[in-house]
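*Asks:* Here you go, one structure.
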Amino acid sequence: MPAPASPSAQRGRLLVVAILASFVAFLDGTIVTVALPAISAELGGGLVTQQWVVNAYLLTLGALILLAGSLSDSYGRLLILRLGLLGFGAASLACALAWTPEVLILARAIQGMAAALLVPSSLAMITTAFQDRERARAIGQWTAWTGTAAIIGPLLGGILVDWASWRLIFAVNVLPVALTLLLMIGLQDSPRRRTALDVPGALLAVIGLAGPVYALIEQERLGWGHPAVVVPLLLGIAALVLFVLREARTRAPMMPLSLFRARNFRYGNLVTAAAYGAISLGSFAITVFVQEAGGFSATEAGFTALPVPIALLLLSTFFGNLAGKYGPRIFMTVGPMIMGAGFLLMLTVSPPLNFFTQLLPGLLLFSFGLAVMVAPLTAAVLGALREEEAGIGSAVNNAVARVAGLVAVALIGTISAGALDYPGFQQTALATAVLFFGAGFIALIGIRTPKPAE
């Protein structure tokens with residue numbers, strides 16, 4: 001009979017599982033964009049199909065991530081993670097086999113539902129298994145390795161689209177899903193909150209997030225006055241108000257409002273909203289700009305994204321360690337400021353586009369600043385909570401990041417005056433820089449260095 005694994009070996013395997021489980025969700029987010037023209041060319045539907053292939057995933061992911069965090073705390077992180085992986089693998093195969101735009105969009109929505117179960121559970125496992133400096137280091141490793149999805153995604157997507165078929169970008173998800181499920185065998189689950197599931201709160205949260213997100217997606221096509229925009233927006237806002245009222249009064253809230261009494265959790269989520277809104281806005285603008293204005297191919301556009309994940313891979317663990325030693329405040333302040341400076345450098349773009357002189361210097365600064373900020377931000381937000389609240393805390397933080405990014409991208413038409421040509425990109429880069437500087441200022445005034453555990 002084999003000897004049981006040591007606690008350190010268990011923690012090491014748990015960290016690998018958390019990285020792989022999050023990796024598949026992040027990979028899917030980065031691999032799809034370069035395939036959109038090929039998808040619409042084969043299935044039809046034009047720009048509307050392209051928008052909904054991306055947004056169906058983001059919509060269900062953002063709307064269900066709070067519920068997923070609550071389920072993780074209530075029923076166990078490993079169980080919810082396993083269900084998410086199985087659902088994600090099945091939905092990925094359905095995407096690969098889709099024969100109409102409608103089938104693909106439906107499968108993408110189911111994929112987003114499954115992805116909502118992955119990230120909160122992954123981060124919650126790390127938060128409960130590691131303490132203090134070890135936790136900061138583990139989160140740094142998680143950030144670094146999940147960041148490799150941003151390397152593999154655009155490059156692999158471009159190669160598969162150019163040399164084979166867009167369908168393979170979904171089919172490849174099955175491999176990391178299967179490996180993660182195998183590694184989970186024998187792992188011990190973490191503490192649970194053991195509270196009743198807040199079903200009315202869950203429904204209000206889903207409606208409250210889905211309604212405004214849907215309205216933001218559709219307003220560019222239909223206009224703000226259209227009933228299909230106004231009704232979901234008002235219904236969602238009303239549901240969010242009712243959700244907050246319910247969570248303040250119910251005995252077993254899905255999202256305890258007491259979480260926000262923790263200063264670093266409260267301000268950390270404000271930093272997350274500003275920084276991740278800027279990250280999504282800037283990254284989307286660069287990817288589209290280099291193809292539409294610069295004439296880059298899908299594979300070439302994938303290569304432009306390389307500085308970001310390389311910086312995360314090389315530096316995130318280092319800055320996670322420093323944050324564990326010196327506290328997160330300085331890194332959460334300086335990191336966004338560096339990223340903002342990077343986008344200010346990109347204001348020099350002019351035709352003809354020269355990537356190496358006009359975009360690469362700013363991208364390198366942005367990438368370095370991101371590596372400085374990400375692991376300290378995650379450690380500050382989750383380290384402010386009790387272990388049994390890690391699942392819902394991670395879900396709240398991820399919901400803030402996803403919804404902020406989706407809102408920013410939904411407003412990109414307004415920011416860029418309808419086109420990501422040279423003037424439109426410059427306006428978007430300036431807006432991105434302003435958001436980053438705002439995130440750094442919030443961290444400066446709001447984040448505090450926690451006292452070390454006794």
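Just remember, in the structure tokens the first chain shown is A, the second B, etc., residues are 1-based per chain, and ligands are 1-based in the order shown.
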Compile the contact shell of region 13-20 of chain A as a PyMOL selection string: residues with an atom at most 8 Å away, counting only C-alpha atoms, same-chain residues fewer than 4 positions apart removed.
*Replies:* chain A and resi 9+24+121-123+125-126+138+142+145-146+176-177+180+183-184+187
*Asks:* Those same residues - C-alpha atoms - I'd like them written as an mmCIF file, in the first residue's frame.
*Replies:*
```
data_model
loop_
_atom_site.group_PDB
_atom_site.id
_atom_site.type_symbol
_atom_site.label_atom_id
_atom_site.label_comp_id
_atom_site.auth_asym_id
_atom_site.auth_seq_id
_atom_site.Cartn_x
_atom_site.Cartn_y
_atom_site.Cartn_z
ATOM 1 C CA ALA A 9 3.359 17.294 -1.662
ATOM 2 C CA VAL A 24 -8.397 26.259 -19.492
ATOM 3 C CA SER A 121 -12.652 27.398 -6.645
ATOM 4 C CA SER A 122 -9.040 27.404 -7.871
ATOM 5 C CA LEU A 123 -8.056 30.573 -6.030
ATOM 6 C CA MET A 125 -8.040 26.296 -2.744
ATOM 7 C CA ILE A 126 -4.776 28.224 -2.833
ATOM 8 C CA ALA A 138 1.648 30.494 -4.529
ATOM 9 C CA TRP A 142 -0.664 30.776 -10.206
ATOM 10 C CA TRP A 145 1.566 29.991 -15.114
ATOM 11 C CA THR A 146 -2.038 30.868 -15.925
ATOM 12 C CA PRO A 176 -5.852 20.122 -19.995
ATOM 13 C CA VAL A 177 -9.322 19.244 -18.653
ATOM 14 C CA THR A 180 -6.554 18.191 -14.309
ATOM 15 C CA LEU A 183 -4.417 15.067 -10.839
ATOM 16 C CA MET A 184 -7.410 15.750 -8.576
ATOM 17 C CA LEU A 187 -6.756 15.442 -2.973
#
```
*Asks:* Can you tell me which residues surround Gly362 (chain A) at a distance of at most 8 Å, considering only C-alpha atoms, apart from same-chain residues fewer than 4 positions away, and format the answer as a ChimeraX atom specification?
*Replies:* /A:341-346,358,366
*Asks:* For C-alpha atoms, I'd like the residues from the last selection saved as a CSV table (one decimal), in the first residue's frame.
*Replies:*
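Done, and the output landed in selection.csv:
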```csv
chain,number,residue,atom,x,y,z
A,341,ALA,CA,2.7,55.2,-18.8
A,342,GLY,CA,3.0,52.3,-21.3
A,343,PHE,CA,-0.3,53.3,-22.9
A,344,LEU,CA,0.7,57.0,-23.0
A,345,LEU,CA,3.8,55.9,-25.0
A,346,MET,CA,1.4,54.3,-27.6
A,358,GLN,CA,5.5,52.7,-32.0
A,366,PHE,CA,2.5,47.7,-19.7
```
*Asks:* For region 371-382 of chain A, find every residue with an atom within 7 Å (counting only C-alpha atoms), except residues of its own chain fewer than 6 positions away, and show them as an NGL selection string.
*Replies:* :A and (127 or 136 or 139-140 or 143 or 264-265 or 268 or 311-312 or 315-316 or 319-320 or 323 or 328 or 331-332 or 335-336 or 390 or 393-394)
*Asks:* Could you write out that same residue set with N, CA and C atoms as a compact mmCIF listing (two decimals), in the first residue's frame?
*Replies:*
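Dumped to selection.txt:
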```txt
# COMPACT_ATOMS: atom_id res chain seq x y z
N THR A 127 -5.86 29.84 -1.39
CA THR A 127 -5.97 30.71 -0.21
C THR A 127 -6.06 29.90 1.07
N ALA A 136 1.28 34.27 -0.77
CA ALA A 136 1.64 35.27 -1.77
C ALA A 136 2.49 34.64 -2.87
N ILE A 139 0.21 32.37 -5.06
CA ILE A 139 -0.62 33.17 -5.97
C ILE A 139 0.24 33.75 -7.08
N GLY A 140 1.47 34.11 -6.77
CA GLY A 140 2.38 34.57 -7.81
C GLY A 140 2.64 33.48 -8.85
N THR A 143 -0.48 33.09 -10.94
CA THR A 143 -0.56 34.18 -11.91
C THR A 143 0.40 33.96 -13.07
N ASN A 264 -8.93 46.05 2.84
CA ASN A 264 -8.21 45.66 1.64
C ASN A 264 -9.11 44.96 0.63
N PHE A 265 -10.13 44.25 1.11
CA PHE A 265 -11.08 43.63 0.18
C PHE A 265 -11.89 44.71 -0.53
N GLY A 268 -9.47 46.82 -2.65
CA GLY A 268 -8.89 45.95 -3.66
C GLY A 268 -9.83 45.70 -4.83
N ALA A 311 6.24 38.41 -19.39
CA ALA A 311 6.51 39.17 -18.16
C ALA A 311 5.84 38.51 -16.96
N LEU A 312 4.61 38.05 -17.14
CA LEU A 312 3.91 37.38 -16.03
C LEU A 312 4.64 36.10 -15.63
N LEU A 315 8.12 37.14 -13.92
CA LEU A 315 8.20 38.10 -12.81
C LEU A 315 7.11 37.97 -11.76
N SER A 316 5.99 37.30 -12.05
CA SER A 316 4.88 37.30 -11.10
C SER A 316 5.25 36.65 -9.77
N PHE A 319 7.42 39.13 -7.73
CA PHE A 319 6.68 40.21 -7.09
C PHE A 319 5.68 39.69 -6.06
N GLY A 320 5.19 38.45 -6.26
CA GLY A 320 4.37 37.83 -5.21
C GLY A 320 5.16 37.65 -3.93
N ALA A 323 5.66 41.08 -2.31
CA ALA A 323 4.43 41.54 -1.66
C ALA A 323 4.21 40.82 -0.34
N PRO A 328 1.25 44.60 0.02
CA PRO A 328 0.81 44.78 -1.36
C PRO A 328 0.68 46.23 -1.82
N PHE A 331 3.10 47.84 -4.52
CA PHE A 331 3.05 47.17 -5.82
C PHE A 331 1.72 47.45 -6.54
N MET A 332 0.65 47.53 -5.76
CA MET A 332 -0.66 47.85 -6.35
C MET A 332 -0.76 49.31 -6.76
N GLY A 335 2.40 49.45 -9.95
CA GLY A 335 2.10 48.64 -11.13
C GLY A 335 1.14 49.32 -12.11
N PRO A 336 -0.04 49.76 -11.66
CA PRO A 336 -0.95 50.44 -12.58
C PRO A 336 -0.36 51.72 -13.16
N ALA A 390 -13.12 32.26 1.34
CA ALA A 390 -12.24 32.46 0.20
C ALA A 390 -12.94 32.24 -1.12
N GLY A 393 -15.21 35.21 -1.80
CA GLY A 393 -14.35 36.38 -1.98
C GLY A 393 -13.67 36.38 -3.33
N SER A 394 -13.17 35.22 -3.75
CA SER A 394 -12.57 35.10 -5.07
C SER A 394 -13.59 35.33 -6.16
```
*Asks:* Got a sec: who's within 8 Å of region 25-32 of chain A, counting only C-alpha atoms, leaving out chain neighbours fewer than 5 positions off, as a list in words?
*Replies:*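 Surrounding residues, per the criterion: Val54, Ala115, Leu118, Val119, Thr146, Gly147, Ala149, Ala150, Ile152, Gly153, Pro154, Leu155, Leu156, Gly157, Ile169, Phe170 and Asn173 of chain A.
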*Asks:* Can you list, as a ChimeraX atom specification, every protein, DNA or RNA residue that comes within 10 Å of region 397-399 of chain A when you count only C-alpha atoms, leaving out same-chain residues fewer than 2 positions away?
*Replies:* /A:61-66,69,116,119-120,209,265-266,268-270,272-273,276,378,381-382,392-395,401-405
*Asks:* Please identify which residues in region 38-286 of chain A DSSP calls helix (DSSP H, G or I) from the backbone, and express them as a PyMOL selection string.
*Replies:* chain A and resi 38-43+46-75+77-97+101-116+118-129+132-146+148-163+168-171+174-183+199-222+227-249+257-261+263-286
*Asks:* Tell me, as a PyMOL selection string, which residues lie within 6 Å of region 425-435 of chain A, counting only C-alpha atoms; anything in the same chain fewer than 6 positions away does not count.
*Replies:* chain A and resi 274+278+282+340+343+347+415-416
*Asks:* Of the candidates A:Leu240, A:Ile447, A:Leu359, A:Met339, which shows the shortest atom-to-atom distance to Ala384 (chain A), using only C-alpha atoms?
*Replies:*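 For Ala384 (chain A), the nearest of the candidates is A:Ile447.
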*Asks:* In Å, with one decimal, what is the gap from CA of Arg167 (chain A) to CA of Leu93 (chain A)?
*Replies:* 9.0 Å
*Asks:* Would you please work out which residue, of A:Ser297, A:Thr49, A:Thr333, A:Asn321, is nearest to Glu102 (chain A) when using only C-alpha atoms?
*Replies:*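 Selected residue with least distance to Glu102 (chain A): A:Thr49.
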*Asks:* Between CA of Leu385 (chain A) and CA of Thr250 (chain A), what is the spacing in Å?
*Replies:*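 Result for CA of Thr250 (chain A) versus CA of Leu385 (chain A): 20.2 Å, one decimal.
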*Asks:* CA of Arg137 (chain A) and CA of Ile330 (chain A) are how many Å apart?
*Replies:*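 Going from CA of Arg137 (chain A) over to CA of Ile330 (chain A) covers 16.7 Å.
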